[in-house]
Amino acid sequence: MVYCSMFMFHHLRYAVSIFLLSLLVVGCGGLQEVWEGPGAKIFRPQAIAVLPPMASQYDSAREDIQLVLSDAINKSVSIERVVSPENVTDIFQASKEAFDALVFYFSRLEMTGQSDKDSAVKLGKALNVDSFLVVRINSWEYLRKDGDNVGRVGLSLRLVDATTGTTVWKARHERSSSYMFYRPNLKDVAKELAAEMIKAMPPQAKQ
């Protein structure tokens, strides 16, 4: 009888442990994909702007993602100046030349997968930065995954040297938060994802 009770206790404790683990945010253990260019280790930009995320089925999340990434850079990266999302929007609204450069840059990136030098340099001058971050939202959704309800956010990032147009670093990753009754705020999931990805981005993180 004692043995049976002990067995049931350990079995219950194991089940509770598995349940609690299922509620933890998934996404630890490194980014899904990371690539660094040959100059990534010595890249030391003075100013950066997060471009409006590229068009996707998750356009409703574009403003949130742009803000979350800008905040993450401010908190963790050794760059003197981060252009606010509001200023980035104002610049593209006020300057047709800057907006045309953005549209052309995105279209070339979509077609070739490569950073276009001329339009990248134009963007750098328009934004008054020597680097910018290109963002694609891969997921921003609630779904069923492996039998669980999850809120999932996925991003692809590309760090570009705005003085040469070359890609310095790029990465892809996602985070999922499991839930039973109350949906997690996807912006909160995005904040954790942004912090993890930006921590891996050159230049060196703040000490």
# chains A, B, ... in the order shown; residues from 1 in each chain; ligands from 1
>>> select_by_dssp(residues="stretch 21-136 of chain A", states="alpha helix (DSSP H)", output="tab-separated table (two decimals) with N, CA and C atoms, in the first residue's frame")
chain	number	residue	atom	x	y	z
A	21	LEU	N	6.42	22.49	-17.50
A	21	LEU	CA	7.38	22.72	-18.58
A	21	LEU	C	6.68	23.12	-19.87
A	22	SER	N	5.49	22.55	-20.08
A	22	SER	CA	4.76	22.87	-21.31
A	22	SER	C	4.29	24.31	-21.34
A	23	LEU	N	4.23	24.94	-20.18
A	23	LEU	CA	3.79	26.33	-20.13
A	23	LEU	C	4.93	27.32	-20.32
A	62	ARG	N	3.22	45.02	-37.90
A	62	ARG	CA	4.43	45.71	-38.35
A	62	ARG	C	4.88	46.80	-37.37
A	63	GLU	N	3.95	47.62	-36.91
A	63	GLU	CA	4.33	48.71	-35.99
A	63	GLU	C	4.85	48.17	-34.67
A	64	ASP	N	4.19	47.14	-34.14
A	64	ASP	CA	4.64	46.55	-32.88
A	64	ASP	C	6.04	45.97	-33.01
A	65	ILE	N	6.29	45.27	-34.09
A	65	ILE	CA	7.60	44.64	-34.29
A	65	ILE	C	8.69	45.69	-34.46
A	66	GLN	N	8.42	46.72	-35.21
A	66	GLN	CA	9.41	47.78	-35.41
A	66	GLN	C	9.78	48.44	-34.09
A	67	LEU	N	8.77	48.70	-33.26
A	67	LEU	CA	9.01	49.32	-31.95
A	67	LEU	C	9.76	48.38	-31.02
A	68	VAL	N	9.35	47.11	-30.98
A	68	VAL	CA	9.98	46.12	-30.10
A	68	VAL	C	11.46	45.95	-30.45
A	69	LEU	N	11.77	45.89	-31.74
A	69	LEU	CA	13.17	45.72	-32.15
A	69	LEU	C	14.00	46.95	-31.84
A	70	SER	N	13.44	48.14	-32.06
A	70	SER	CA	14.16	49.37	-31.74
A	70	SER	C	14.47	49.44	-30.25
A	71	ASP	N	13.51	49.07	-29.41
A	71	ASP	CA	13.72	49.06	-27.96
A	71	ASP	C	14.80	48.05	-27.57
A	72	ALA	N	14.78	46.88	-28.20
A	72	ALA	CA	15.76	45.85	-27.89
A	72	ALA	C	17.17	46.30	-28.26
A	73	ILE	N	17.31	47.00	-29.38
A	73	ILE	CA	18.63	47.52	-29.78
A	73	ILE	C	19.10	48.56	-28.78
A	74	ASN	N	18.19	49.46	-28.39
A	74	ASN	CA	18.55	50.50	-27.41
A	74	ASN	C	19.06	49.90	-26.11
A	75	LYS	N	18.47	48.78	-25.71
A	75	LYS	CA	18.81	48.17	-24.42
A	75	LYS	C	20.07	47.33	-24.45
A	76	SER	N	20.39	46.73	-25.59
A	76	SER	CA	21.43	45.71	-25.55
A	76	SER	C	22.61	45.89	-26.50
A	85	PRO	N	11.12	54.57	-34.43
A	85	PRO	CA	10.20	54.19	-35.51
A	85	PRO	C	9.37	55.37	-36.01
A	86	GLU	N	9.01	56.28	-35.12
A	86	GLU	CA	8.23	57.46	-35.53
A	86	GLU	C	9.03	58.31	-36.51
A	87	ASN	N	10.32	58.52	-36.23
A	87	ASN	CA	11.15	59.32	-37.12
A	87	ASN	C	11.37	58.62	-38.46
A	88	VAL	N	11.52	57.29	-38.41
A	88	VAL	CA	11.67	56.53	-39.65
A	88	VAL	C	10.43	56.71	-40.53
A	89	THR	N	9.26	56.60	-39.92
A	89	THR	CA	8.01	56.78	-40.67
A	89	THR	C	7.90	58.19	-41.23
A	90	ASP	N	8.24	59.19	-40.42
A	90	ASP	CA	8.18	60.59	-40.87
A	90	ASP	C	9.07	60.82	-42.08
A	91	ILE	N	10.27	60.23	-42.06
A	91	ILE	CA	11.22	60.43	-43.16
A	91	ILE	C	10.67	59.84	-44.46
A	92	PHE	N	10.11	58.64	-44.38
A	92	PHE	CA	9.58	58.02	-45.59
A	92	PHE	C	8.32	58.71	-46.09
A	93	GLN	N	7.56	59.31	-45.17
A	93	GLN	CA	6.37	60.04	-45.60
A	93	GLN	C	6.72	61.40	-46.20
A	94	ALA	N	7.80	61.99	-45.73
A	94	ALA	CA	8.17	63.33	-46.19
A	94	ALA	C	9.01	63.33	-47.46
A	96	LYS	N	9.85	61.53	-51.05
A	96	LYS	CA	9.51	60.56	-52.08
A	96	LYS	C	10.76	59.78	-52.51
A	97	GLU	N	11.90	60.44	-52.52
A	97	GLU	CA	13.15	59.78	-52.91
A	97	GLU	C	13.49	58.65	-51.93
A	98	ALA	N	13.31	58.94	-50.64
A	98	ALA	CA	13.60	57.92	-49.62
A	98	ALA	C	12.61	56.76	-49.74
A	99	PHE	N	11.34	57.07	-49.94
A	99	PHE	CA	10.32	56.03	-50.06
A	99	PHE	C	10.57	55.16	-51.29
A	100	ASP	N	10.92	55.80	-52.42
A	100	ASP	CA	11.21	55.05	-53.64
A	100	ASP	C	12.42	54.13	-53.45
A	101	ALA	N	13.40	54.62	-52.71
A	101	ALA	CA	14.59	53.80	-52.44
A	101	ALA	C	14.21	52.58	-51.61
A	102	LEU	N	13.30	52.78	-50.65
A	102	LEU	CA	12.84	51.68	-49.81
A	102	LEU	C	12.10	50.64	-50.64
A	103	VAL	N	11.19	51.09	-51.49
A	103	VAL	CA	10.42	50.18	-52.33
A	103	VAL	C	11.34	49.40	-53.27
A	104	PHE	N	12.31	50.10	-53.87
A	104	PHE	CA	13.23	49.44	-54.78
A	104	PHE	C	14.11	48.43	-54.03
A	105	TYR	N	14.58	48.82	-52.85
A	105	TYR	CA	15.43	47.93	-52.06
A	105	TYR	C	14.68	46.64	-51.72
A	106	PHE	N	13.45	46.78	-51.25
A	106	PHE	CA	12.65	45.60	-50.89
A	106	PHE	C	12.38	44.72	-52.12
A	107	SER	N	12.06	45.34	-53.25
A	107	SER	CA	11.74	44.56	-54.45
A	107	SER	C	12.96	43.78	-54.93
A	108	ARG	N	14.14	44.40	-54.89
A	108	ARG	CA	15.36	43.70	-55.30
A	108	ARG	C	15.70	42.58	-54.32
A	109	LEU	N	15.46	42.83	-53.05
A	109	LEU	CA	15.72	41.81	-52.04
A	109	LEU	C	14.80	40.61	-52.24
A	110	GLU	N	13.53	40.89	-52.57
A	110	GLU	CA	12.58	39.81	-52.83
A	110	GLU	C	12.99	38.99	-54.06
A	111	MET	N	13.44	39.68	-55.10
A	111	MET	CA	13.76	39.01	-56.36
A	111	MET	C	15.07	38.24	-56.32
A	112	THR	N	16.08	38.84	-55.69
A	112	THR	CA	17.43	38.27	-55.76
A	112	THR	C	17.92	37.67	-54.44
A	117	LYS	N	23.17	47.60	-53.37
A	117	LYS	CA	24.09	48.59	-52.84
A	117	LYS	C	23.57	50.02	-52.99
A	118	ASP	N	23.18	50.40	-54.19
A	118	ASP	CA	22.81	51.79	-54.46
A	118	ASP	C	21.61	52.24	-53.61
A	119	SER	N	20.56	51.44	-53.57
A	119	SER	CA	19.38	51.84	-52.80
A	119	SER	C	19.67	51.76	-51.30
A	120	ALA	N	20.55	50.85	-50.87
A	120	ALA	CA	20.92	50.78	-49.46
A	120	ALA	C	21.65	52.04	-49.03
A	121	VAL	N	22.55	52.51	-49.87
A	121	VAL	CA	23.28	53.74	-49.55
A	121	VAL	C	22.32	54.94	-49.51
A	122	LYS	N	21.36	54.97	-50.44
A	122	LYS	CA	20.35	56.04	-50.44
A	122	LYS	C	19.54	56.01	-49.15
A	123	LEU	N	19.17	54.83	-48.71
A	123	LEU	CA	18.41	54.70	-47.46
A	123	LEU	C	19.23	55.18	-46.28
A	124	GLY	N	20.50	54.84	-46.25
A	124	GLY	CA	21.38	55.28	-45.17
A	124	GLY	C	21.47	56.78	-45.09
A	125	LYS	N	21.61	57.42	-46.25
A	125	LYS	CA	21.70	58.89	-46.28
A	125	LYS	C	20.38	59.54	-45.88
A	126	ALA	N	19.28	58.98	-46.35
A	126	ALA	CA	17.97	59.55	-46.03
A	126	ALA	C	17.67	59.45	-44.54
A	127	LEU	N	18.07	58.34	-43.94
A	127	LEU	CA	17.81	58.11	-42.51
A	127	LEU	C	18.93	58.64	-41.62
>>> select_by_dssp(residues="stretch 68-142 of chain A", states="strand (DSSP E or B)", output="ChimeraX atom specification")
/A:77,81-83,131-142
>>> residues_around(residues="A:Arg44", least_positions_apart="2", cutoff="7 Å", atoms="only C-alpha atoms", output="list in words")
Ile42, Gln46 and Pro203 of chain A
>>> closest_residue(among="A:Val77, A:Leu157, A:Met180, A:Val168", to="A:Gln32", atoms="only C-alpha atoms")
A:Leu157
>>> atom_distance(atom1="atom CA of A:Glu174", atom2="atom CA of A:Ser78")
23.9 Å
>>> atom_distance(atom1="atom CA of A:Tyr142", atom2="atom CA of A:Pro184")
9.0 Å
>>> atom_distance(atom1="atom CA of A:Pro45", atom2="atom CA of A:Asn128")
11.8 Å
>>> closest_residue(among="A:Glu196, A:Asp161, A:Glu80, A:Asp188", to="A:Ala40", atoms="only C-alpha atoms")
A:Asp161
>>> closest_residue(among="A:Asp146, A:Pro202, A:Val82, A:Glu141", to="A:Trp169", atoms="only C-alpha atoms")
A:Pro202
>>> closest_residue(among="A:Lys199, A:Arg81, A:Arg136, A:Arg152", to="A:Leu186", atoms="only C-alpha atoms")
A:Arg152
>>> closest_residue(among="A:Leu133, A:Val150, A:Met197, A:Val34", to="A:Ala162", atoms="only C-alpha atoms")
A:Leu133
>>> residues_around(residues="A:Gln57", least_positions_apart="4", cutoff="9 Å", atoms="only C-alpha atoms", output="MDAnalysis selection string")
chainID A and resid 137:139
>>> closest_residue(among="A:Arg158, A:Met201, A:Val135, A:Gly39", to="A:Asp59", atoms="only C-alpha atoms")
A:Val135
>>> residues_around(residues="A:Val134", least_positions_apart="2", cutoff="8 Å", atoms="only C-alpha atoms", output="PyMOL selection string")
chain A and resi 50-54+132+136+157-160
>>> write_last_selection(atoms="C-alpha atoms", output="PDB file, in the first residue's frame")
ATOM      1  CA  VAL A  50      14.857  49.554 -38.064  1.00  0.00           C
ATOM      2  CA  LEU A  51      13.132  49.657 -41.434  1.00  0.00           C
ATOM      3  CA  PRO A  52       9.373  49.062 -41.598  1.00  0.00           C
ATOM      4  CA  PRO A  53       8.941  45.267 -41.782  1.00  0.00           C
ATOM      5  CA  MET A  54       8.556  43.878 -45.281  1.00  0.00           C
ATOM      6  CA  PHE A 132      19.853  49.520 -40.820  1.00  0.00           C
ATOM      7  CA  ARG A 136      10.432  40.056 -42.129  1.00  0.00           C
ATOM      8  CA  LEU A 157      16.474  39.905 -39.510  1.00  0.00           C
ATOM      9  CA  ARG A 158      19.197  41.278 -41.779  1.00  0.00           C
ATOM     10  CA  LEU A 159      21.768  43.834 -40.586  1.00  0.00           C
ATOM     11  CA  VAL A 160      23.046  45.979 -43.468  1.00  0.00           C
TER      12      VAL A 160
END
